[in-house]
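Text of coords.cif, listed as mmCIF, C-alpha atoms:
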data_work
loop_
_atom_site.label_atom_id
_atom_site.label_comp_id
_atom_site.auth_asym_id
_atom_site.auth_seq_id
_atom_site.Cartn_x
_atom_site.Cartn_y
_atom_site.Cartn_z
CA MET X 1 11.57 10.69 11.96
CA ALA X 2 12.58 8.63 8.95
CA VAL X 3 10.92 8.50 5.53
CA THR X 4 11.33 5.75 2.97
CA GLY X 5 10.33 5.89 -0.68
CA ALA X 6 11.36 9.53 -1.12
CA THR X 7 12.74 8.74 -4.58
CA GLY X 8 9.18 7.77 -5.54
CA HIS X 9 5.90 9.62 -5.68
CA ILE X 10 4.20 9.21 -2.29
CA GLY X 11 7.40 9.19 -0.23
CA GLY X 12 8.69 12.16 -2.20
CA LEU X 13 5.53 14.16 -1.56
CA VAL X 14 5.67 13.32 2.14
CA ALA X 15 9.35 14.27 2.44
CA ARG X 16 8.85 17.58 0.62
CA SER X 17 5.83 18.48 2.73
CA LEU X 18 7.67 17.75 5.98
CA ALA X 19 10.63 19.83 4.81
CA GLN X 20 8.37 22.75 3.92
CA GLU X 21 7.04 22.67 7.47
CA GLY X 22 10.55 22.67 8.93
CA ILE X 23 10.37 19.11 10.27
CA SER X 24 13.71 17.29 10.45
CA GLN X 25 13.83 13.89 8.83
CA ARG X 26 16.11 11.12 7.68
CA LEU X 27 15.58 9.83 4.16
CA LEU X 28 16.36 6.16 3.56
CA ALA X 29 16.91 4.96 0.00
CA ARG X 30 18.80 2.41 -2.04
CA SER X 31 20.38 5.28 -4.00
CA VAL X 32 20.85 8.51 -2.07
CA THR X 33 21.88 10.32 -5.27
CA ARG X 34 18.26 10.08 -6.44
CA LEU X 35 16.84 11.69 -3.30
CA PRO X 36 15.47 15.23 -3.34
CA GLN X 37 17.76 17.78 -1.71
CA LEU X 38 15.70 19.06 1.21
CA THR X 39 16.48 21.41 4.08
CA GLY X 40 16.60 19.58 7.41
CA ALA X 41 16.94 16.15 5.82
CA ASP X 42 19.89 13.81 6.00
CA ALA X 43 20.22 10.73 3.82
CA VAL X 44 21.20 7.12 4.48
CA GLU X 45 21.74 4.49 1.81
CA THR X 46 20.08 1.18 2.63
CA SER X 47 17.51 -1.28 1.38
CA TYR X 48 14.67 -3.16 3.04
CA GLY X 49 16.51 -6.44 2.68
CA ASP X 50 19.83 -5.28 4.18
CA LEU X 51 19.40 -5.82 7.91
CA GLY X 52 22.71 -4.33 9.03
CA ALA X 53 22.48 -1.17 6.95
CA ALA X 54 18.83 -0.72 7.90
CA VAL X 55 19.58 -0.99 11.62
CA SER X 56 22.31 1.61 11.23
CA GLY X 57 20.04 3.90 9.23
CA LEU X 58 17.17 3.65 11.70
CA THR X 59 19.18 4.03 14.91
CA GLY X 60 18.01 7.12 16.79
CA ILE X 61 14.68 7.22 14.91
CA ASP X 62 11.38 7.23 16.83
CA ALA X 63 8.87 7.35 13.96
CA LEU X 64 9.13 5.65 10.56
CA PHE X 65 7.09 6.25 7.42
CA MET X 66 7.38 2.96 5.57
CA VAL X 67 6.25 2.94 1.96
CA SER X 68 5.66 -0.63 0.80
CA ALA X 69 8.51 -1.95 -1.32
CA ALA X 70 8.28 -2.36 -5.08
CA GLU X 71 6.33 -5.43 -6.15
CA SER X 72 8.56 -8.50 -6.23
CA ALA X 73 8.47 -12.18 -5.41
CA ASP X 74 10.38 -11.57 -2.16
CA ARG X 75 8.74 -8.31 -1.06
CA LEU X 76 7.29 -9.81 2.12
CA THR X 77 10.69 -11.15 3.18
CA ALA X 78 12.23 -7.73 2.59
CA HIS X 79 9.45 -6.07 4.61
CA ARG X 80 10.02 -8.40 7.54
CA THR X 81 13.75 -7.80 7.46
CA PHE X 82 13.23 -4.03 7.52
CA ILE X 83 10.71 -4.30 10.36
CA ASP X 84 13.22 -6.41 12.29
CA ALA X 85 15.74 -3.64 11.74
CA ALA X 86 13.27 -1.04 13.02
CA THR X 87 12.65 -3.11 16.13
CA THR X 88 16.37 -3.57 16.78
CA ALA X 89 17.04 0.14 16.23
CA GLY X 90 14.36 1.14 18.73
CA VAL X 91 11.76 2.65 16.40
CA ARG X 92 8.57 3.26 18.38
CA HIS X 93 5.95 3.94 15.69
CA ILE X 94 5.60 2.75 12.07
CA VAL X 95 3.23 4.37 9.58
CA TYR X 96 2.86 1.81 6.79
CA THR X 97 1.21 2.16 3.37
CA SER X 98 -0.96 -0.93 3.07
CA TYR X 99 -3.84 -1.82 0.74
CA LEU X 100 -7.60 -1.61 0.99
CA GLY X 101 -9.10 -4.94 2.01
CA ALA X 102 -5.77 -6.39 3.11
CA ALA X 103 -6.55 -9.90 4.33
CA PRO X 104 -5.08 -13.41 4.15
CA ASP X 105 -7.73 -14.38 1.60
CA ALA X 106 -7.96 -11.11 -0.37
CA THR X 107 -8.75 -11.52 -4.06
CA PHE X 108 -5.93 -9.15 -5.04
CA THR X 109 -2.95 -11.37 -4.39
CA LEU X 110 -0.59 -8.62 -3.26
CA ALA X 111 -3.11 -7.46 -0.63
CA ARG X 112 -2.28 -10.72 1.14
CA ASP X 113 1.35 -9.59 1.46
CA HIS X 114 0.14 -6.30 2.92
CA TRP X 115 -1.91 -8.19 5.49
CA ALA X 116 1.10 -10.31 6.44
CA THR X 117 3.21 -7.16 6.77
CA GLU X 118 0.60 -5.55 9.01
CA GLU X 119 0.51 -8.65 11.20
CA TYR X 120 4.29 -8.68 11.45
CA ILE X 121 4.32 -5.04 12.54
CA ARG X 122 1.63 -5.80 15.14
CA SER X 123 3.74 -8.67 16.49
CA THR X 124 6.59 -6.29 17.38
CA GLY X 125 4.50 -4.45 19.95
CA MET X 126 5.45 -1.03 18.59
CA ALA X 127 2.78 1.54 17.76
CA PHE X 128 1.48 1.52 14.21
CA THR X 129 -0.74 3.35 11.78
CA PHE X 130 -1.85 1.48 8.67
CA LEU X 131 -2.91 3.50 5.64
CA ARG X 132 -4.92 1.06 3.54
CA ASP X 133 -4.91 2.70 0.13
CA SER X 134 -7.44 1.91 -2.57
CA ALA X 135 -6.26 1.65 -6.18
CA TYR X 136 -4.50 4.80 -7.33
CA ILE X 137 -6.44 7.25 -9.46
CA ASP X 138 -3.07 8.12 -11.00
CA PHE X 139 -2.84 4.66 -12.55
CA LEU X 140 -6.32 4.40 -14.03
CA PRO X 141 -5.43 6.04 -17.37
CA SER X 142 -2.46 3.69 -17.76
CA LEU X 143 -4.75 0.66 -17.65
CA ALA X 144 -5.59 1.37 -21.28
CA GLY X 145 -3.41 -0.19 -23.94
CA ALA X 146 -2.00 1.58 -26.97
CA ASP X 147 -5.40 1.14 -28.62
CA GLY X 148 -7.15 3.03 -25.82
CA VAL X 149 -8.88 -0.08 -24.47
CA ILE X 150 -8.92 -1.17 -20.83
CA ARG X 151 -9.23 -4.96 -20.79
CA GLY X 152 -9.87 -7.09 -17.74
CA PRO X 153 -12.35 -9.24 -15.80
CA ALA X 154 -13.75 -6.43 -13.62
CA GLY X 155 -17.39 -6.94 -14.61
CA ASN X 156 -19.65 -4.18 -13.36
CA GLY X 157 -17.70 -3.80 -10.14
CA VAL X 158 -16.72 -0.34 -8.92
CA VAL X 159 -13.50 1.08 -7.52
CA GLY X 160 -13.18 4.01 -5.12
CA ALA X 161 -9.74 5.00 -6.36
CA VAL X 162 -7.66 7.58 -4.48
CA SER X 163 -4.87 9.87 -5.64
CA ARG X 164 -1.33 9.44 -4.39
CA SER X 165 -1.28 13.13 -3.43
CA ASP X 166 -4.24 12.55 -1.10
CA ILE X 167 -2.50 9.58 0.48
CA ALA X 168 0.60 11.71 1.04
CA ARG X 169 -1.46 14.46 2.68
CA VAL X 170 -2.91 11.92 5.10
CA ALA X 171 0.53 10.52 5.87
CA VAL X 172 1.91 13.97 6.69
CA SER X 173 -1.04 14.73 8.97
CA VAL X 174 -0.53 11.44 10.78
CA LEU X 175 3.23 11.91 11.15
CA LYS X 176 2.68 15.35 12.69
CA ASP X 177 0.30 13.96 15.33
CA LEU X 178 1.33 10.36 15.89
CA ASP X 179 -0.25 9.92 19.31
CA SER X 180 -3.70 10.67 17.91
CA HIS X 181 -3.30 7.97 15.28
CA ALA X 182 -1.54 5.25 17.25
CA ASP X 183 -2.76 1.71 16.56
CA ARG X 184 -5.26 2.90 13.98
CA THR X 185 -6.08 1.53 10.53
CA TYR X 186 -7.51 3.88 7.91
CA ASP X 187 -9.16 2.99 4.62
CA LEU X 188 -8.09 5.69 2.15
CA THR X 189 -10.37 6.08 -0.86
CA GLY X 190 -11.64 8.73 -3.19
CA ARG X 191 -15.13 10.10 -2.79
CA GLU X 192 -16.74 8.22 -5.66
CA ALA X 193 -16.86 4.59 -6.80
CA LEU X 194 -16.78 4.04 -10.56
CA THR X 195 -17.06 1.13 -12.95
CA LEU X 196 -14.25 0.84 -15.47
CA THR X 197 -16.78 1.79 -18.15
CA GLU X 198 -17.34 5.05 -16.26
CA VAL X 199 -13.59 5.47 -15.79
CA ALA X 200 -13.06 5.12 -19.54
CA ALA X 201 -15.82 7.64 -20.30
CA ILE X 202 -14.34 10.25 -17.95
CA ILE X 203 -10.85 9.77 -19.40
CA THR X 204 -12.27 10.25 -22.89
CA GLU X 205 -14.21 13.34 -21.87
CA VAL X 206 -11.42 15.12 -20.01
CA THR X 207 -8.35 14.17 -22.00
CA GLY X 208 -9.85 13.75 -25.45
CA ALA X 209 -8.12 10.37 -25.80
CA PRO X 210 -10.76 7.82 -26.86
CA THR X 211 -10.86 5.17 -24.14
CA ALA X 212 -13.15 2.19 -23.64
CA TYR X 213 -13.52 -0.76 -21.30
CA VAL X 214 -13.82 -4.27 -22.73
CA GLU X 215 -14.73 -7.12 -20.40
CA GLU X 216 -12.53 -10.21 -20.44
CA THR X 217 -13.07 -13.61 -18.90
CA ILE X 218 -10.39 -14.71 -16.47
CA GLU X 219 -9.05 -17.11 -19.09
CA GLU X 220 -8.91 -14.32 -21.68
CA ALA X 221 -7.14 -12.05 -19.18
CA TYR X 222 -4.36 -14.56 -18.63
CA ALA X 223 -4.07 -15.25 -22.34
CA SER X 224 -3.88 -11.56 -23.28
CA ARG X 225 -1.02 -11.02 -20.82
CA ALA X 226 0.97 -14.11 -21.74
CA SER X 227 3.05 -12.21 -24.30
CA TYR X 228 4.77 -10.24 -21.50
CA ASN X 229 6.46 -13.43 -20.27
CA ALA X 230 6.10 -12.19 -16.71
CA PRO X 231 6.45 -14.55 -13.73
CA ASP X 232 3.29 -16.25 -12.51
CA TRP X 233 3.03 -14.19 -9.32
CA GLU X 234 3.06 -10.97 -11.33
CA VAL X 235 0.44 -12.10 -13.84
CA ASP X 236 -1.73 -13.27 -10.93
CA ALA X 237 -1.42 -9.78 -9.43
CA TRP X 238 -2.34 -8.09 -12.70
CA VAL X 239 -5.43 -10.21 -13.24
CA SER X 240 -6.57 -10.12 -9.61
CA THR X 241 -6.51 -6.33 -9.71
CA TYR X 242 -9.59 -6.66 -11.90
CA THR X 243 -11.23 -9.61 -10.16
CA ALA X 244 -10.96 -7.75 -6.84
CA ILE X 245 -13.04 -4.99 -8.44
CA ALA X 246 -15.52 -7.53 -9.79
CA ASN X 247 -15.85 -9.06 -6.31
CA GLY X 248 -16.60 -5.68 -4.73
CA GLU X 249 -13.44 -5.55 -2.64
CA LEU X 250 -12.51 -2.03 -3.82
CA SER X 251 -16.01 -0.57 -3.80
CA SER X 252 -15.98 1.05 -0.37
CA ILE X 253 -15.91 4.81 0.11
CA SER X 254 -14.31 6.20 3.25
CA THR X 255 -14.32 9.72 4.67
CA ALA X 256 -10.86 9.23 6.23
CA VAL X 257 -8.96 11.51 3.83
CA GLU X 258 -11.20 14.46 4.62
CA ASP X 259 -11.56 13.54 8.29
CA ILE X 260 -7.79 13.54 8.80
CA THR X 261 -6.71 16.38 6.50
CA GLY X 262 -9.80 18.59 6.37
CA VAL X 263 -9.77 18.49 2.56
CA PRO X 264 -11.85 16.08 0.46
CA PRO X 265 -10.02 13.69 -1.87
CA LEU X 266 -9.87 14.29 -5.61
CA THR X 267 -12.31 12.71 -8.03
CA LEU X 268 -11.00 11.18 -11.25
CA ARG X 269 -12.37 14.12 -13.23
CA GLU X 270 -10.68 16.63 -10.91
CA PHE X 271 -7.40 14.72 -11.04
CA LEU X 272 -7.39 14.57 -14.83
CA THR X 273 -8.47 18.18 -15.19
CA ALA X 274 -5.64 19.33 -12.93
CA GLY X 275 -3.20 17.23 -14.94
CA ALA X 276 -4.46 18.62 -18.23
CA GLY X 277 -3.93 22.13 -16.98
CA ALA X 278 -0.49 21.51 -15.54
#

This entry written out as structure tokens:
Amino acid sequence: MAVTGATGHIGGLVARSLAQEGISQRLLARSVTRLPQLTGADAVETSYGDLGAAVSGLTGIDALFMVSAAESADRLTAHRTFIDAATTAGVRHIVYTSYLGAAPDATFTLARDHWATEEYIRSTGMAFTFLRDSAYIDFLPSLAGADGVIRGPAGNGVVGAVSRSDIARVAVSVLKDLDSHADRTYDLTGREALTLTEVAAIITEVTGAPTAYVEETIEEAYASRASYNAPDWEVDAWVSTYTAIANGELSSISTAVEDITGVPPLTLREFLTAGAGA
């Protein structure tokens, strides 16, 4: 099987777990020098947008773990190119990290790209497993600015955030038993749904870093991010992260993590406590 994203967090966790279990794999990355050195793993340098190199790198591969590419204006085009390469190379099953609530009209703008990617994979006729991840617990503390304030138009909406380590555990379980998960879509969430006010309180309690949530209007959210001089698509993504919460699109709680792995997902308090003790 092939694993992408092994230079990052989720792909790296998946690759290391497969290696520990003695499962052979091929790691695909833009820079092979950044890949972990793992027993039973070979490495191929390619990118999602390089059709020829991707076909070469995927030839002889049956199963592909495809971590979504880094956010960019042309991410969907790169995804489609890589999926074309997988089809040409004869890949039979793609496990793709998607996003909770992926839909053509999702509030979170990048969830629309995930939906389009899912649809493109479906159109190939190959087997698939879509892991629709909620917001990452890992990122919640970083929502606060230097002043310890989380600002955004999330209202009183709740988010059932999930840790990247839990997502990786699900991915490994799926990759080890692909037939049981063929043509399935799983919503991956934590086991609690919290408002950002509750998130801030837990961060304060566990880490000792004073953190608070301050509600913004949508207009205020765009204005407060204008100083970054980011492209429109990126600012839209930042703001819609919060409005998706306000609209209830990240509120669901799924049992999929525990159902698939046998271990319940981490809560925010558990995640932060483990980090504090690391």

Residues matched by the PyMOL selection byres ((chain X and resi 191) around 8) as an mmCIF file with C-alpha atoms, keeping the file's coordinate frame:
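Saved to expr07.cif:
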data_model
loop_
_atom_site.group_PDB
_atom_site.id
_atom_site.type_symbol
_atom_site.label_atom_id
_atom_site.label_comp_id
_atom_site.auth_asym_id
_atom_site.auth_seq_id
_atom_site.Cartn_x
_atom_site.Cartn_y
_atom_site.Cartn_z
ATOM 1 C CA GLY X 160 -13.180 4.010 -5.120
ATOM 2 C CA THR X 189 -10.370 6.080 -0.860
ATOM 3 C CA GLY X 190 -11.640 8.730 -3.190
ATOM 4 C CA GLU X 192 -16.740 8.220 -5.660
ATOM 5 C CA ALA X 193 -16.860 4.590 -6.800
ATOM 6 C CA ILE X 253 -15.910 4.810 0.110
ATOM 7 C CA SER X 254 -14.310 6.200 3.250
ATOM 8 C CA THR X 255 -14.320 9.720 4.670
ATOM 9 C CA PRO X 264 -11.850 16.080 0.460
ATOM 10 C CA PRO X 265 -10.020 13.690 -1.870
ATOM 11 C CA LEU X 266 -9.870 14.290 -5.610
ATOM 12 C CA THR X 267 -12.310 12.710 -8.030
#

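Residues selected in this file by the PyMOL selection byres ((chain X and resi 88) around 10) comprise Leu51, Ala54, Val55, Ser56, Leu58, Thr59, Phe82, Ile83, Asp84, Ala85, Ala86, Thr87, Ala89, Gly90 and Val91 of chain X.
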
Check what the PyMOL selection byres ((chain X and resi 145) around 12) selects in the file above and give those residues as a PDB file with C-alpha atoms, in the frame of the given file.
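That gives us result02.pdb:
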ATOM      1  CA  LEU X 140      -6.320   4.400 -14.030  1.00  0.00           C
ATOM      2  CA  PRO X 141      -5.430   6.040 -17.370  1.00  0.00           C
ATOM      3  CA  SER X 142      -2.460   3.690 -17.760  1.00  0.00           C
ATOM      4  CA  LEU X 143      -4.750   0.660 -17.650  1.00  0.00           C
ATOM      5  CA  ALA X 144      -5.590   1.370 -21.280  1.00  0.00           C
ATOM      6  CA  ALA X 146      -2.000   1.580 -26.970  1.00  0.00           C
ATOM      7  CA  ASP X 147      -5.400   1.140 -28.620  1.00  0.00           C
ATOM      8  CA  GLY X 148      -7.150   3.030 -25.820  1.00  0.00           C
ATOM      9  CA  VAL X 149      -8.880  -0.080 -24.470  1.00  0.00           C
ATOM     10  CA  ILE X 150      -8.920  -1.170 -20.830  1.00  0.00           C
ATOM     11  CA  ARG X 151      -9.230  -4.960 -20.790  1.00  0.00           C
ATOM     12  CA  GLY X 152      -9.870  -7.090 -17.740  1.00  0.00           C
ATOM     13  CA  ALA X 200     -13.060   5.120 -19.540  1.00  0.00           C
ATOM     14  CA  ALA X 209      -8.120  10.370 -25.800  1.00  0.00           C
ATOM     15  CA  PRO X 210     -10.760   7.820 -26.860  1.00  0.00           C
ATOM     16  CA  THR X 211     -10.860   5.170 -24.140  1.00  0.00           C
ATOM     17  CA  ALA X 212     -13.150   2.190 -23.640  1.00  0.00           C
ATOM     18  CA  TYR X 213     -13.520  -0.760 -21.300  1.00  0.00           C
ATOM     19  CA  VAL X 214     -13.820  -4.270 -22.730  1.00  0.00           C
ATOM     20  CA  SER X 224      -3.880 -11.560 -23.280  1.00  0.00           C
ATOM     21  CA  ARG X 225      -1.020 -11.020 -20.820  1.00  0.00           C
TER      22      ARG X 225
END

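As for CA of Ala154 in chain X and CA of Asp232 in chain X, they are spaced 19.7 Å apart.
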
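Among the candidates X:Ser165, X:Tyr136, X:Ser251, X:Val95, the residue lying nearest to Asp183 in chain X is X:Val95 (atoms considered: only C-alpha atoms).
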
Check your understanding: Residues around (6.2, 5.9, 1.6), cut-off 6 Å, counting all atoms listed in the file - what are they as a PyMOL selection string?
Key -> chain X and resi 4-5+10-11+65-67

Exercise for review: Quick one: everything within 9 Å of range 246-248 of chain X, counting only C-alpha atoms, minus sequence neighbours fewer than 4 positions away in the same chain. Send it as a ChimeraX atom specification.
Suggested key: /X:107,153-159,242,252

Save out the residues we just selected, C-alpha atoms, as a PDB file, keeping the file's coordinate frame.
ATOM      1  CA  THR X 107      -8.750 -11.520  -4.060  1.00  0.00           C
ATOM      2  CA  PRO X 153     -12.350  -9.240 -15.800  1.00  0.00           C
ATOM      3  CA  ALA X 154     -13.750  -6.430 -13.620  1.00  0.00           C
ATOM      4  CA  GLY X 155     -17.390  -6.940 -14.610  1.00  0.00           C
ATOM      5  CA  ASN X 156     -19.650  -4.180 -13.360  1.00  0.00           C
ATOM      6  CA  GLY X 157     -17.700  -3.800 -10.140  1.00  0.00           C
ATOM      7  CA  VAL X 158     -16.720  -0.340  -8.920  1.00  0.00           C
ATOM      8  CA  VAL X 159     -13.500   1.080  -7.520  1.00  0.00           C
ATOM      9  CA  TYR X 242      -9.590  -6.660 -11.900  1.00  0.00           C
ATOM     10  CA  SER X 252     -15.980   1.050  -0.370  1.00  0.00           C
TER      11      SER X 252
END

Check your understanding: Nearest to Ala29 in chain X: which of X:Thr46, X:Thr204, X:Thr217, X:Ser180 is it, counting all atoms listed in the file?
Key -> X:Thr46
